[in-house]
Amino acid sequence: MPRTAPDVIRVIATNRKASHDFFIHERMEAALVLVGSEVKSLRDAKVTVADGWVEIRKGQAFLHGIQINEYPQANRWQHDVGRVRKLLMHKHEIDKLGTKTTQKGFTLIPLSVYFKGSRVKVELGLVTHKKH
C-alpha cells in the first residue's frame, strides 16, 4: 500500500451548520486518538460531526458528541459509536483555549474531520452563538 504524502488533505466530514448557527472567531487543528475500527470507518466516511463539542478538563481536551459508525468487518473488536475521544494538542494551546472557553458565550466545536497524510485531524472552531 503506497504511503500518502504528509501534505495531502482529504476531507471526511464537515459541520455545515456551524457557519450558519455560529460566529467563528478562531480556527485550529488537533489530532484525534482513535482505535483501529474507527480509522477504518472514517476511511468509508461514516462519521457525523454536527452535534460535536469540546470539553477541556484537567489540562486535556476531549471531543464529545461525534458519532463514528461501526465498521462491519471488525466483528468483536468493535468500538463504541458515541464514545468521548481525546484530542492531541500542545499544552499551551489547550491552556489558551481553556481560558477562552471559560469566558461568557464562547464554545469550542469541530468544524471538519479530515485525513492529513495518514493521520486523522479535526479542525476546531472557537465560536459564539448567533442571536436570532
# chains A, B, ... in the order shown; residues from 1 in each chain; ligands from 1
$ select_by_dssp --residues "chain A" --states "helix (DSSP H, G or I)" --output "PyMOL selection string"
chain A and resi 17-21+36-43+72-77+91-101
$ write_last_selection --atoms "N, CA and C atoms" --output "compact mmCIF listing (two decimals), in the first residue's frame"
# COMPACT_ATOMS: atom_id res chain seq x y z
N LYS A 17 -23.63 23.20 9.52
CA LYS A 17 -24.47 24.06 10.36
C LYS A 17 -23.66 25.09 11.13
N ALA A 18 -22.36 24.86 11.27
CA ALA A 18 -21.54 25.71 12.13
C ALA A 18 -21.50 27.16 11.65
N SER A 19 -21.28 27.39 10.36
CA SER A 19 -21.20 28.76 9.88
C SER A 19 -22.56 29.44 9.85
N HIS A 20 -23.61 28.65 9.84
CA HIS A 20 -24.96 29.21 9.87
C HIS A 20 -25.39 29.58 11.28
N ASP A 21 -25.04 28.77 12.27
CA ASP A 21 -25.51 28.98 13.64
C ASP A 21 -24.53 29.74 14.52
N GLY A 36 -8.48 1.17 15.92
CA GLY A 36 -8.39 0.70 14.53
C GLY A 36 -9.69 0.68 13.77
N SER A 37 -10.75 0.20 14.40
CA SER A 37 -12.02 0.12 13.68
C SER A 37 -12.59 1.51 13.40
N GLU A 38 -12.24 2.51 14.22
CA GLU A 38 -12.69 3.88 13.97
C GLU A 38 -12.01 4.44 12.73
N VAL A 39 -10.73 4.16 12.57
CA VAL A 39 -10.00 4.65 11.40
C VAL A 39 -10.55 4.01 10.14
N LYS A 40 -10.83 2.72 10.18
CA LYS A 40 -11.41 2.03 9.03
C LYS A 40 -12.76 2.62 8.65
N SER A 41 -13.58 2.93 9.67
CA SER A 41 -14.88 3.52 9.42
C SER A 41 -14.74 4.94 8.86
N LEU A 42 -13.74 5.69 9.34
CA LEU A 42 -13.51 7.03 8.80
C LEU A 42 -13.07 6.99 7.34
N ARG A 43 -12.34 5.96 6.96
CA ARG A 43 -11.94 5.83 5.55
C ARG A 43 -13.16 5.64 4.65
N PRO A 72 -18.29 -2.76 9.77
CA PRO A 72 -18.93 -4.08 9.75
C PRO A 72 -17.97 -5.27 9.86
N GLN A 73 -16.76 -5.16 9.32
CA GLN A 73 -15.83 -6.28 9.34
C GLN A 73 -15.03 -6.40 10.64
N ALA A 74 -15.27 -5.51 11.60
CA ALA A 74 -14.49 -5.52 12.84
C ALA A 74 -15.10 -6.42 13.91
N ASN A 75 -16.05 -7.22 13.58
CA ASN A 75 -16.85 -8.12 14.42
C ASN A 75 -16.70 -7.88 15.93
N ARG A 76 -15.91 -8.59 16.67
CA ARG A 76 -15.90 -8.46 18.13
C ARG A 76 -14.98 -7.34 18.64
N TRP A 77 -14.17 -6.75 17.78
CA TRP A 77 -13.29 -5.65 18.19
C TRP A 77 -13.90 -4.31 17.83
N LYS A 91 0.25 21.79 25.03
CA LYS A 91 -0.29 22.24 26.31
C LYS A 91 -0.63 23.73 26.29
N HIS A 92 0.22 24.54 25.67
CA HIS A 92 -0.07 25.98 25.64
C HIS A 92 -1.32 26.29 24.81
N GLU A 93 -1.60 25.48 23.79
CA GLU A 93 -2.83 25.66 23.00
C GLU A 93 -4.05 25.29 23.84
N ILE A 94 -3.95 24.19 24.59
CA ILE A 94 -5.08 23.77 25.44
C ILE A 94 -5.33 24.80 26.53
N ASP A 95 -4.27 25.34 27.14
CA ASP A 95 -4.44 26.35 28.18
C ASP A 95 -5.08 27.61 27.62
N LYS A 96 -4.66 28.03 26.44
CA LYS A 96 -5.23 29.22 25.80
C LYS A 96 -6.72 29.02 25.50
N LEU A 97 -7.06 27.84 24.97
CA LEU A 97 -8.46 27.56 24.67
C LEU A 97 -9.29 27.42 25.93
N GLY A 98 -8.68 26.87 26.98
CA GLY A 98 -9.39 26.73 28.26
C GLY A 98 -9.79 28.07 28.84
N THR A 99 -8.89 29.06 28.77
CA THR A 99 -9.23 30.38 29.29
C THR A 99 -10.29 31.06 28.42
N LYS A 100 -10.23 30.85 27.10
CA LYS A 100 -11.21 31.48 26.22
C LYS A 100 -12.60 30.85 26.36
N THR A 101 -12.66 29.53 26.58
CA THR A 101 -13.97 28.89 26.69
C THR A 101 -14.64 29.16 28.03
$ select_by_dssp --residues "chain A" --states "strand (DSSP E or B)" --output "ChimeraX atom specification"
/A:9-14,22-32,47-48,53-57,60-64,67-68,85-88,106-116,119-129
$ closest_residue --among "A:Leu32, A:Val122, A:Lys46, A:Val127" --to "A:Tyr71" --atoms "only C-alpha atoms"
A:Lys46
$ closest_residue --among "A:Ile24, A:Thr102, A:Ile66, A:Val33" --to "A:Lys121" --atoms "only C-alpha atoms"
A:Val33
$ atom_distance --atom1 "atom CA of A:Val84" --atom2 "atom CA of A:Val54"
9.6 Å
$ closest_residue --among "A:Val8, A:Leu63, A:Val35, A:Val47" --to "A:Lys116" --atoms "only C-alpha atoms"
A:Val8
$ closest_residue --among "A:Lys58, A:Gly105, A:Val113, A:Arg119" --to "A:Phe23" --atoms "only C-alpha atoms"
A:Gly105
$ atom_distance --atom1 "atom CA of A:Asn15" --atom2 "atom CA of A:Pro110"
7.1 Å
$ atom_distance --atom1 "atom CA of A:Met89" --atom2 "atom CA of A:Gln67"
21.0 Å
$ residues_around --residues "A:Leu88" --least-positions-apart "2" --cutoff "8 Å" --atoms "only C-alpha atoms" --output "list in words"
Ala30, Ala31, Leu32, Val33, Ala61, Lys86 and His90 of chain A
$ closest_residue --among "A:Asp51, A:Arg10, A:Arg16, A:Glu29" --to "A:Leu124" --atoms "only C-alpha atoms"
A:Glu29
$ closest_residue --among "A:Ile56, A:Ala45, A:Met28, A:Ala50" --to "A:Glu123" --atoms "only C-alpha atoms"
A:Met28
$ residues_around --residues "A:Val81" --least-positions-apart "6" --cutoff "7 Å" --atoms "only C-alpha atoms" --output "VMD selection string"
chain A and resid 67 to 70
